[in-house]
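Everything below belongs to structure_15.json, which stores JSON, C-alpha atoms.
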[["chain", "number", "residue", "atom", "x", "y", "z"],
["B", 30, "MET", "CA", -96.49, 54.98, 143.72],
["B", 31, "SER", "CA", -98.42, 54.20, 140.55],
["B", 32, "ALA", "CA", -101.32, 51.76, 140.41],
["B", 33, "PRO", "CA", -100.25, 48.10, 140.44],
["B", 34, "SER", "CA", -100.45, 45.92, 137.37],
["B", 35, "THR", "CA", -102.99, 43.19, 138.03],
["B", 36, "ILE", "CA", -103.27, 39.68, 136.71],
["B", 37, "ASP", "CA", -105.32, 39.19, 133.57],
["B", 38, "PRO", "CA", -106.89, 35.73, 133.98],
["B", 39, "THR", "CA", -107.22, 35.40, 130.21],
["B", 40, "THR", "CA", -103.46, 35.40, 129.79],
["B", 41, "ALA", "CA", -102.31, 33.37, 132.83],
["B", 42, "PRO", "CA", -100.44, 31.11, 132.99],
["B", 43, "VAL", "CA", -98.02, 32.39, 130.38],
["B", 44, "ALA", "CA", -96.14, 30.40, 127.80],
["B", 45, "ALA", "CA", -93.01, 28.54, 128.79],
["B", 46, "SER", "CA", -89.97, 30.72, 129.35],
["B", 47, "THR", "CA", -87.12, 30.58, 126.89],
["B", 48, "GLN", "CA", -84.80, 30.30, 129.89],
["B", 49, "PRO", "CA", -84.50, 26.61, 130.92],
["B", 50, "THR", "CA", -83.34, 27.62, 134.41],
["B", 51, "HIS", "CA", -86.16, 30.07, 135.09],
["B", 52, "ARG", "CA", -87.64, 29.55, 138.56],
["B", 53, "ALA", "CA", -91.18, 30.28, 139.67],
["B", 54, "GLY", "CA", -93.36, 29.35, 142.62],
["B", 55, "PHE", "CA", -95.84, 30.27, 145.31],
["B", 56, "VAL", "CA", -94.53, 31.53, 148.66],
["B", 57, "ASN", "CA", -97.15, 31.81, 151.41],
["B", 58, "ILE", "CA", -96.67, 33.96, 154.50],
["B", 59, "VAL", "CA", -98.41, 32.71, 157.66],
["B", 60, "GLY", "CA", -98.24, 33.34, 161.39],
["B", 61, "ASN", "CA", -100.10, 34.80, 164.35],
["B", 62, "PRO", "CA", -101.60, 38.32, 164.34],
["B", 63, "ASN", "CA", -99.41, 41.38, 164.81],
["B", 64, "VAL", "CA", -96.00, 39.76, 164.24],
["B", 65, "GLY", "CA", -95.25, 41.88, 161.17],
["B", 66, "LYS", "CA", -96.38, 39.63, 158.30],
["B", 67, "SER", "CA", -97.76, 42.50, 156.24],
["B", 68, "THR", "CA", -94.70, 44.69, 156.83],
["B", 69, "LEU", "CA", -92.47, 41.82, 155.72],
["B", 70, "SER", "CA", -94.71, 41.08, 152.72],
["B", 71, "ASN", "CA", -94.55, 44.68, 151.58],
["B", 72, "ARG", "CA", -90.76, 44.65, 151.95],
["B", 73, "LEU", "CA", -90.42, 41.49, 149.89],
["B", 74, "VAL", "CA", -92.80, 42.67, 147.17],
["B", 75, "GLY", "CA", -91.38, 46.18, 147.13],
["B", 76, "GLU", "CA", -94.82, 47.80, 147.15],
["B", 77, "ARG", "CA", -97.33, 48.60, 149.87],
["B", 78, "LEU", "CA", -100.07, 46.09, 149.14],
["B", 79, "SER", "CA", -101.14, 45.18, 152.70],
["B", 80, "ILE", "CA", -102.49, 47.29, 155.53],
["B", 81, "ILE", "CA", -99.91, 48.02, 158.22],
["B", 82, "THR", "CA", -101.10, 49.19, 161.65],
["B", 83, "SER", "CA", -100.18, 48.36, 165.22],
["B", 84, "LYS", "CA", -103.55, 46.64, 165.65],
["B", 85, "ALA", "CA", -104.00, 42.90, 165.22],
["B", 86, "GLN", "CA", -106.26, 41.31, 162.59],
["B", 87, "THR", "CA", -105.78, 44.11, 160.06],
["B", 88, "THR", "CA", -105.36, 41.71, 157.12],
["B", 89, "ARG", "CA", -108.68, 40.04, 156.29],
["B", 90, "HIS", "CA", -107.99, 38.66, 152.83],
["B", 91, "ARG", "CA", -105.26, 36.64, 151.21],
["B", 92, "ILE", "CA", -103.36, 39.27, 149.24],
["B", 93, "MET", "CA", -101.11, 38.20, 146.40],
["B", 94, "GLY", "CA", -97.99, 40.15, 145.44],
["B", 95, "ILE", "CA", -95.78, 39.14, 142.53],
["B", 96, "VAL", "CA", -92.04, 39.78, 142.27],
["B", 97, "ASN", "CA", -90.39, 39.34, 138.88],
["B", 98, "GLY", "CA", -86.70, 38.98, 138.12],
["B", 99, "ASP", "CA", -85.01, 38.11, 134.85],
["B", 100, "ASP", "CA", -84.81, 34.44, 135.79],
["B", 101, "TYR", "CA", -87.49, 34.05, 138.48],
["B", 102, "GLN", "CA", -91.05, 34.89, 139.50],
["B", 103, "ILE", "CA", -92.20, 34.75, 143.13],
["B", 104, "VAL", "CA", -95.92, 34.77, 143.90],
["B", 105, "PHE", "CA", -96.21, 35.88, 147.53],
["B", 106, "SER", "CA", -99.44, 35.53, 149.51],
["B", 107, "ASP", "CA", -99.92, 37.56, 152.69],
["B", 108, "THR", "CA", -102.56, 35.84, 154.84],
["B", 109, "PRO", "CA", -104.64, 36.90, 157.87],
["B", 110, "GLY", "CA", -103.17, 36.20, 161.29],
["B", 111, "VAL", "CA", -104.09, 32.83, 162.75],
["B", 112, "LEU", "CA", -106.70, 33.19, 165.50],
["B", 113, "LYS", "CA", -109.48, 31.35, 167.25],
["B", 114, "PRO", "CA", -112.61, 32.60, 165.44],
["B", 115, "LYS", "CA", -115.46, 34.34, 167.26],
["B", 116, "PHE", "CA", -117.37, 35.37, 164.12],
["B", 117, "ARG", "CA", -118.11, 33.70, 160.77],
["B", 118, "LEU", "CA", -115.85, 36.39, 159.24],
["B", 119, "GLN", "CA", -112.92, 35.17, 161.33],
["B", 120, "GLU", "CA", -113.66, 31.59, 160.30],
["B", 121, "SER", "CA", -113.20, 32.62, 156.67],
["B", 122, "MET", "CA", -109.97, 34.43, 157.60],
["B", 123, "LEU", "CA", -108.68, 31.25, 159.26],
["B", 124, "GLU", "CA", -109.56, 29.29, 156.12],
["B", 125, "TYR", "CA", -107.25, 31.59, 154.12],
["B", 126, "SER", "CA", -104.41, 30.83, 156.54],
["B", 127, "THR", "CA", -104.89, 27.06, 156.72],
["B", 128, "GLY", "CA", -105.36, 26.91, 152.96],
["B", 129, "ALA", "CA", -101.94, 28.54, 152.59],
["B", 130, "LEU", "CA", -100.36, 25.35, 153.99],
["B", 131, "VAL", "CA", -101.48, 23.18, 151.09],
["B", 132, "ASP", "CA", -100.75, 25.21, 147.96],
["B", 133, "ALA", "CA", -97.26, 26.62, 148.51],
["B", 134, "ASP", "CA", -93.82, 25.78, 147.15],
["B", 135, "VAL", "CA", -92.18, 27.58, 150.09],
["B", 136, "LEU", "CA", -93.74, 28.52, 153.42],
["B", 137, "LEU", "CA", -92.70, 31.55, 155.46],
["B", 138, "TYR", "CA", -93.74, 31.18, 159.08],
["B", 139, "VAL", "CA", -93.41, 34.60, 160.72],
["B", 140, "THR", "CA", -93.06, 35.08, 164.45],
["B", 141, "ASP", "CA", -91.40, 37.82, 166.50],
["B", 142, "VAL", "CA", -89.26, 38.18, 169.60],
["B", 143, "VAL", "CA", -92.26, 39.00, 171.80],
["B", 144, "GLU", "CA", -94.83, 36.26, 171.32],
["B", 145, "LYS", "CA", -94.64, 32.90, 173.08],
["B", 146, "PRO", "CA", -93.47, 30.17, 170.69],
["B", 147, "THR", "CA", -96.27, 27.84, 171.76],
["B", 148, "LYS", "CA", -99.04, 30.34, 170.99],
["B", 149, "ASN", "CA", -101.61, 28.67, 168.71],
["B", 150, "GLN", "CA", -100.00, 25.25, 169.05],
["B", 151, "ASP", "CA", -102.55, 23.52, 166.78],
["B", 152, "PHE", "CA", -101.54, 25.58, 163.76],
["B", 153, "LEU", "CA", -97.86, 25.25, 164.62],
["B", 154, "ASP", "CA", -98.21, 21.46, 164.67],
["B", 155, "LYS", "CA", -99.56, 21.59, 161.11],
["B", 156, "VAL", "CA", -96.57, 23.67, 160.02],
["B", 157, "ALA", "CA", -94.20, 21.17, 161.65],
["B", 158, "LYS", "CA", -95.63, 18.40, 159.45],
["B", 159, "GLU", "CA", -95.02, 20.29, 156.20],
["B", 160, "LYS", "CA", -92.93, 18.54, 153.55],
["B", 161, "ILE", "CA", -92.17, 21.72, 151.61],
["B", 162, "PRO", "CA", -89.33, 24.07, 152.66],
["B", 163, "VAL", "CA", -90.24, 26.15, 155.72],
["B", 164, "LEU", "CA", -88.42, 29.38, 156.46],
["B", 165, "LEU", "CA", -88.89, 30.57, 160.04],
["B", 166, "VAL", "CA", -88.72, 34.35, 160.15],
["B", 167, "ILE", "CA", -88.10, 35.74, 163.64],
["B", 168, "ASN", "CA", -89.11, 39.36, 163.19],
["B", 169, "LYS", "CA", -88.53, 42.51, 165.28],
["B", 170, "ILE", "CA", -85.02, 41.55, 166.42],
["B", 171, "ASP", "CA", -84.28, 45.28, 166.69],
["B", 172, "LEU", "CA", -86.20, 45.11, 169.99],
["B", 173, "LEU", "CA", -83.62, 42.77, 171.55],
["B", 174, "LYS", "CA", -80.76, 43.92, 173.75],
["B", 175, "GLY", "CA", -78.13, 41.45, 172.62],
["B", 176, "ASN", "CA", -77.18, 38.32, 170.70],
["B", 177, "ASP", "CA", -77.57, 35.99, 173.70],
["B", 178, "GLU", "CA", -81.26, 36.83, 173.92],
["B", 179, "LEU", "CA", -81.70, 36.09, 170.23],
["B", 180, "MET", "CA", -79.90, 32.75, 170.45],
["B", 181, "GLY", "CA", -82.22, 31.68, 173.27],
["B", 182, "ILE", "CA", -85.27, 32.45, 171.13],
["B", 183, "ILE", "CA", -83.78, 30.60, 168.14],
["B", 184, "ASP", "CA", -83.12, 27.51, 170.31],
["B", 185, "GLN", "CA", -86.76, 27.48, 171.45],
["B", 186, "TRP", "CA", -88.02, 27.61, 167.89],
["B", 187, "ARG", "CA", -85.63, 24.95, 166.64],
["B", 188, "GLU", "CA", -87.22, 22.51, 169.08],
["B", 189, "LEU", "CA", -90.68, 23.30, 167.71],
["B", 190, "LEU", "CA", -89.80, 23.49, 164.00],
["B", 191, "PRO", "CA", -86.59, 21.47, 163.61],
["B", 192, "GLN", "CA", -86.92, 21.25, 159.83],
["B", 193, "ALA", "CA", -87.16, 25.03, 159.34],
["B", 194, "GLU", "CA", -84.36, 27.37, 158.29],
["B", 195, "VAL", "CA", -84.19, 30.33, 160.67],
["B", 196, "PHE", "CA", -83.96, 33.94, 159.51],
["B", 197, "PRO", "CA", -83.75, 36.59, 162.26],
["B", 198, "THR", "CA", -85.05, 39.81, 160.68],
["B", 199, "SER", "CA", -86.36, 43.28, 161.27],
["B", 200, "ALA", "CA", -88.88, 44.10, 158.56],
["B", 201, "THR", "CA", -89.20, 47.71, 159.71],
["B", 202, "GLU", "CA", -85.41, 48.19, 159.56],
["B", 203, "ASN", "CA", -85.07, 46.05, 156.41],
["B", 204, "PHE", "CA", -82.50, 43.87, 158.20],
["B", 205, "ASN", "CA", -81.71, 40.46, 156.64],
["B", 206, "VAL", "CA", -84.63, 40.74, 154.21],
["B", 207, "ASP", "CA", -82.29, 40.58, 151.20],
["B", 208, "ASN", "CA", -80.78, 37.30, 152.46],
["B", 209, "LEU", "CA", -84.27, 35.92, 152.99],
["B", 210, "MET", "CA", -85.22, 36.88, 149.44],
["B", 211, "ARG", "CA", -82.12, 35.21, 147.98],
["B", 212, "ARG", "CA", -82.91, 31.97, 149.82],
["B", 213, "ILE", "CA", -86.51, 32.03, 148.59],
["B", 214, "VAL", "CA", -85.33, 32.29, 144.99],
["B", 215, "GLU", "CA", -82.93, 29.36, 145.53],
["B", 216, "LEU", "CA", -85.78, 27.19, 146.82],
["B", 217, "LEU", "CA", -88.17, 27.89, 143.95],
["B", 218, "PRO", "CA", -88.73, 25.01, 141.52],
["B", 219, "VAL", "CA", -87.56, 25.35, 137.93],
["B", 220, "SER", "CA", -90.65, 26.57, 136.11],
["B", 221, "PRO", "CA", -91.85, 29.13, 133.58],
["B", 222, "PRO", "CA", -93.59, 32.18, 135.08],
["B", 223, "TYR", "CA", -97.21, 31.66, 136.10],
["B", 224, "PHE", "CA", -98.27, 35.21, 135.26],
["B", 225, "GLY", "CA", -97.20, 38.00, 132.96],
["B", 226, "LYS", "CA", -93.87, 39.54, 133.89],
["B", 227, "ASP", "CA", -95.49, 42.96, 134.41],
["B", 228, "ALA", "CA", -98.09, 41.68, 136.90],
["B", 229, "LEU", "CA", -97.82, 42.85, 140.51],
["B", 230, "THR", "CA", -100.99, 41.56, 142.18],
["B", 231, "ASP", "CA", -104.22, 39.65, 141.65],
["B", 232, "ARG", "CA", -106.29, 42.36, 143.33],
["B", 233, "SER", "CA", -108.29, 45.10, 141.58],
["B", 234, "SER", "CA", -107.92, 48.86, 141.97],
["B", 235, "ARG", "CA", -111.19, 48.93, 143.93],
["B", 236, "PHE", "CA", -109.76, 46.45, 146.43],
["B", 237, "PHE", "CA", -106.82, 48.72, 147.27],
["B", 238, "VAL", "CA", -109.16, 51.69, 147.70],
["B", 239, "THR", "CA", -111.19, 49.72, 150.26],
["B", 240, "GLU", "CA", -108.02, 48.67, 152.08],
["B", 241, "ILE", "CA", -106.70, 52.25, 152.27],
["B", 242, "ILE", "CA", -110.02, 53.49, 153.68],
["B", 243, "ARG", "CA", -110.15, 50.58, 156.13],
["B", 244, "GLU", "CA", -106.63, 51.36, 157.28],
["B", 245, "LYS", "CA", -107.65, 54.94, 158.12],
["B", 246, "ILE", "CA", -110.64, 53.59, 160.05],
["B", 247, "LEU", "CA", -108.34, 51.32, 162.07],
["B", 248, "LEU", "CA", -106.07, 54.26, 162.87],
["B", 249, "THR", "CA", -108.90, 56.65, 163.77],
["B", 250, "TYR", "CA", -111.23, 54.62, 165.99],
["B", 251, "ASP", "CA", -110.76, 52.51, 169.11],
["B", 252, "LYS", "CA", -111.98, 49.23, 170.55],
["B", 253, "GLU", "CA", -114.41, 47.08, 168.56],
["B", 254, "VAL", "CA", -115.68, 49.76, 166.14],
["B", 255, "PRO", "CA", -113.02, 49.41, 163.39],
["B", 256, "TYR", "CA", -113.34, 45.60, 163.42],
["B", 257, "ALA", "CA", -117.11, 45.88, 162.89],
["B", 258, "THR", "CA", -116.65, 47.90, 159.68],
["B", 259, "GLN", "CA", -116.54, 46.85, 156.05],
["B", 260, "VAL", "CA", -115.82, 49.15, 153.11],
["B", 261, "ILE", "CA", -117.41, 48.70, 149.69],
["B", 262, "VAL", "CA", -116.54, 50.86, 146.67],
["B", 263, "GLU", "CA", -119.79, 51.48, 144.81],
["B", 264, "LYS", "CA", -118.41, 53.87, 142.17],
["B", 265, "PHE", "CA", -114.94, 54.02, 140.63],
["B", 266, "ASP", "CA", -114.83, 56.27, 137.58],
["B", 267, "GLU", "CA", -111.31, 56.81, 136.27],
["B", 268, "SER", "CA", -110.12, 59.23, 133.63],
["B", 269, "GLU", "CA", -106.61, 60.09, 132.47],
["B", 270, "THR", "CA", -106.18, 62.70, 135.20],
["B", 271, "ALA", "CA", -108.64, 61.92, 137.98],
["B", 272, "ILE", "CA", -110.67, 59.25, 139.78],
["B", 273, "HIS", "CA", -114.16, 59.77, 141.22],
["B", 274, "ILE", "CA", -114.86, 57.31, 144.02],
["B", 275, "MET", "CA", -117.98, 56.69, 146.12],
["B", 276, "ALA", "CA", -117.56, 54.23, 148.99],
["B", 277, "VAL", "CA", -119.83, 52.95, 151.75],
["B", 278, "ILE", "CA", -118.63, 52.09, 155.24],
["B", 279, "TYR", "CA", -120.84, 49.37, 156.72],
["B", 280, "VAL", "CA", -121.18, 48.99, 160.49],
["B", 281, "GLU", "CA", -123.19, 46.57, 162.62],
["B", 282, "ARG", "CA", -125.13, 48.93, 164.91],
["B", 283, "GLU", "CA", -126.66, 52.41, 164.84],
["B", 284, "SER", "CA", -124.43, 53.48, 167.72],
["B", 285, "GLN", "CA", -121.37, 52.57, 165.65],
["B", 286, "LYS", "CA", -122.67, 54.68, 162.78],
["B", 287, "GLY", "CA", -122.70, 57.72, 165.06],
["B", 288, "ILE", "CA", -119.16, 57.02, 166.22],
["B", 289, "ILE", "CA", -117.88, 56.66, 162.65],
["B", 290, "ILE", "CA", -119.51, 59.94, 161.57],
["B", 291, "GLY", "CA", -118.48, 61.88, 164.70],
["B", 292, "HIS", "CA", -119.67, 65.29, 165.87],
["B", 293, "GLN", "CA", -120.94, 67.21, 162.83],
["B", 294, "GLY", "CA", -119.24, 64.67, 160.60],
["B", 295, "SER", "CA", -115.74, 65.48, 161.87],
["B", 296, "LYS", "CA", -114.46, 61.91, 162.21],
["B", 297, "LEU", "CA", -115.76, 60.79, 158.82],
["B", 298, "LYS", "CA", -114.25, 63.88, 157.20],
["B", 299, "ARG", "CA", -110.89, 63.06, 158.79],
["B", 300, "VAL", "CA", -111.00, 59.47, 157.48],
["B", 301, "GLY", "CA", -111.93, 60.72, 154.02],
["B", 302, "THR", "CA", -109.17, 63.32, 153.92],
["B", 303, "GLU", "CA", -106.44, 60.92, 155.03],
["B", 304, "ALA", "CA", -107.67, 58.16, 152.73],
["B", 305, "ARG", "CA", -107.87, 60.50, 149.74],
["B", 306, "LYS", "CA", -104.24, 61.56, 150.20],
["B", 307, "ASP", "CA", -103.03, 57.94, 150.19],
["B", 308, "ILE", "CA", -105.27, 56.96, 147.27],
["B", 309, "GLU", "CA", -103.83, 59.86, 145.26],
["B", 310, "LYS", "CA", -100.31, 58.64, 146.03],
["B", 311, "PHE", "CA", -101.27, 55.07, 145.14],
["B", 312, "PHE", "CA", -102.73, 55.94, 141.73],
["B", 313, "ASP", "CA", -100.73, 59.12, 141.09],
["B", 314, "LYS", "CA", -103.92, 60.95, 140.12],
["B", 315, "ARG", "CA", -106.31, 63.50, 141.53],
["B", 316, "VAL", "CA", -108.99, 61.75, 143.61],
["B", 317, "TYR", "CA", -112.51, 62.88, 144.52],
["B", 318, "LEU", "CA", -113.78, 60.70, 147.37],
["B", 319, "GLN", "CA", -117.28, 60.50, 148.83],
["B", 320, "LEU", "CA", -117.89, 58.40, 151.95],
["B", 321, "TYR", "CA", -121.23, 57.21, 153.33],
["B", 322, "VAL", "CA", -122.08, 55.10, 156.39],
["B", 323, "LYS", "CA", -124.75, 52.39, 156.48],
["B", 324, "VAL", "CA", -125.86, 49.85, 159.08],
["B", 325, "GLU", "CA", -125.90, 46.14, 158.23],
["B", 326, "HIS", "CA", -126.78, 44.37, 161.46],
["B", 327, "ASP", "CA", -124.40, 41.55, 162.51],
["B", 328, "TRP", "CA", -122.85, 41.33, 159.02],
["B", 329, "ARG", "CA", -119.82, 39.44, 160.35],
["B", 330, "ASN", "CA", -122.03, 36.41, 161.02],
["B", 331, "GLN", "CA", -124.20, 36.60, 157.89],
["B", 332, "GLU", "CA", -123.21, 34.10, 155.22],
["B", 333, "ASN", "CA", -124.86, 36.09, 152.40],
["B", 334, "LYS", "CA", -123.14, 39.33, 153.41],
["B", 335, "LEU", "CA", -119.74, 37.67, 153.75],
["B", 336, "ARG", "CA", -120.21, 36.28, 150.26],
["B", 337, "GLN", "CA", -121.26, 39.70, 148.96],
["B", 338, "PHE", "CA", -118.23, 41.30, 150.62],
["B", 339, "GLY", "CA", -115.87, 38.76, 149.05],
["B", 340, "TYR", "CA", -114.93, 36.67, 152.09],
["B", 341, "ILE", "CA", -116.66, 33.49, 150.92],
["B", 342, "GLU", "CA", -116.58, 32.18, 147.36]]
Reformat the file's structure so that it appears as C-alpha cells.
Amino acid sequence: MSAPSTIDPTTAPVAASTQPTHRAGFVNIVGNPNVGKSTLSNRLVGERLSIITSKAQTTRHRIMGIVNGDDYQIVFSDTPGVLKPKFRLQESMLEYSTGALVDADVLLYVTDVVEKPTKNQDFLDKVAKEKIPVLLVINKIDLLKGNDELMGIIDQWRELLPQAEVFPTSATENFNVDNLMRRIVELLPVSPPYFGKDALTDRSSRFFVTEIIREKILLTYDKEVPYATQVIVEKFDESETAIHIMAVIYVERESQKGIIIGHQGSKLKRVGTEARKDIEKFFDKRVYLQLYVKVEHDWRNQENKLRQFGYIE
C-alpha cells in the first residue's frame, strides 16, 4: 500500500461541514493483550497501521487511524493491552489504555472466546461505569464449535457489562466487522470532521518504519529479547523513487546485542531483509535500509529514555 496521509496539526480541526447531518467522533479500542485488538483495528481502518503477531504486548503506543465517509469521520485509537506493569515502560502503556476511557465518544472493549471474562477485573470495573456507548466485541468466534458455546460466553459478559452491546466477531475472517462499523457510525455525534478528509493517521512515516522493524524482531527472536528492544530511525531520506533509512535497535544488555546480531550477523540481516520488503510495500518505493544495534542499559525503567523514545510526553 502507499504511505498513509498524516494529520497536519496546522489545519486540524477543519471548518464546519456543509452537511448538517455529518457525524464525527473518537472511537477507542481497549482490552487485554492478545485478544486481537490490532487485527480488528486494521480491519476497521482498512489499512495495516498496527503490529500483528501472536505475541502479547506488541502494541506499545496509542495508534490513531482515521476512516472517512461522505457523511462521517471515525477517529479510531488502538491502545496497548491492559496489563499489570513490571517496568516504567509498561506503566506508560497502561496510561494510554486508561486514558482511552475518558476521551472517547464510543468505546470498543475487545475480548475473545479464550480469555476468562474476569481477567483484569479492575479495568473491567472502570469500563462498566462508562456513560458513553460501549460495544463489547467478542473476537475469534471462528474457534468455537457451535452456537451454544457462544451463547454461554455472551451470557457471562452480559452480567459483567450489562450496558454494552455485544458483537461476536472474527477479525481474521472479517466476520461481522461490517455490522460493527455500521453501528459505530450510528453512535457518532453529529459533528463536522476533526481532521482533513484525506488524513489516515496521526503518526509519521518514521513511526511506521520503526513498527515494521519491531514486528520483524518480535517474529524472529524468542523470550524476553524482543520486549527489551526499541527501534529508533536516525535517518530517513526520501526521494521520488527511493528512501534511504538508517535505524538503531536498542537493547538492554550486551548479551542481547549478540543475540540480535546472530552468528556472523545472520539474524540481523534476516530482520533487515524482511523489514525492507514490508517497508517497500508500505511506501511503494525502493528502500535502502541499514540497521545497527546499541546497548542502553535498563532503558525500560529510565524516565529520560522513555521520554526520548516517545513513551512519555
From the options B:Ile242, B:His326, B:Tyr340, B:Val277, which residue's atoms come nearest to B:Lys306, counting only C-alpha atoms?
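Closest candidate: B:Ile242.
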Give me, as a ChimeraX atom specification, all polymer residues having an atom no more than 12 Å from B:Ile103, counting all atoms listed in the file and skipping those fewer than 4 positions away in the same chain.
/B:51-57,70,73-74,93-99,133-135,210-226,228-230
What's the 8 Å shell around stretch 286-290 of chain B, counting only C-alpha atoms, without same-chain residues fewer than 5 positions away, as JSON, numbers by chain?
{"B": [250, 280, 295, 296, 297, 298, 322, 323, 324]}
Point out the residue among B:Phe265, B:Pro162, B:Val300, B:Val64 with the least atom-to-atom distance to B:Arg235, counting only C-alpha atoms.
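Closest candidate: B:Phe265.
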In Å, how far is it from atom CA of B:Gly65 to atom CA of B:Pro146?
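The value is 15.2 Å.
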In Å, how far is it from atom CA of B:Asp327 to atom CA of B:Pro62?
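About the pair atom CA of B:Asp327 and atom CA of B:Pro62: they are 23.1 Å apart.
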From B:Glu263, B:Glu159, B:Gln285, B:Val59, residue lying nearest B:Asp251 [only C-alpha atoms]
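Distance minimum relative to B:Asp251 lands on B:Gln285.
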Taking only C-alpha atoms into account, name the residue in B:Ser284, B:Phe338, B:Trp186, B:Asp207 that is nearest to B:Gln259.
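The shortest atom-to-atom distance to B:Gln259 comes from B:Phe338.
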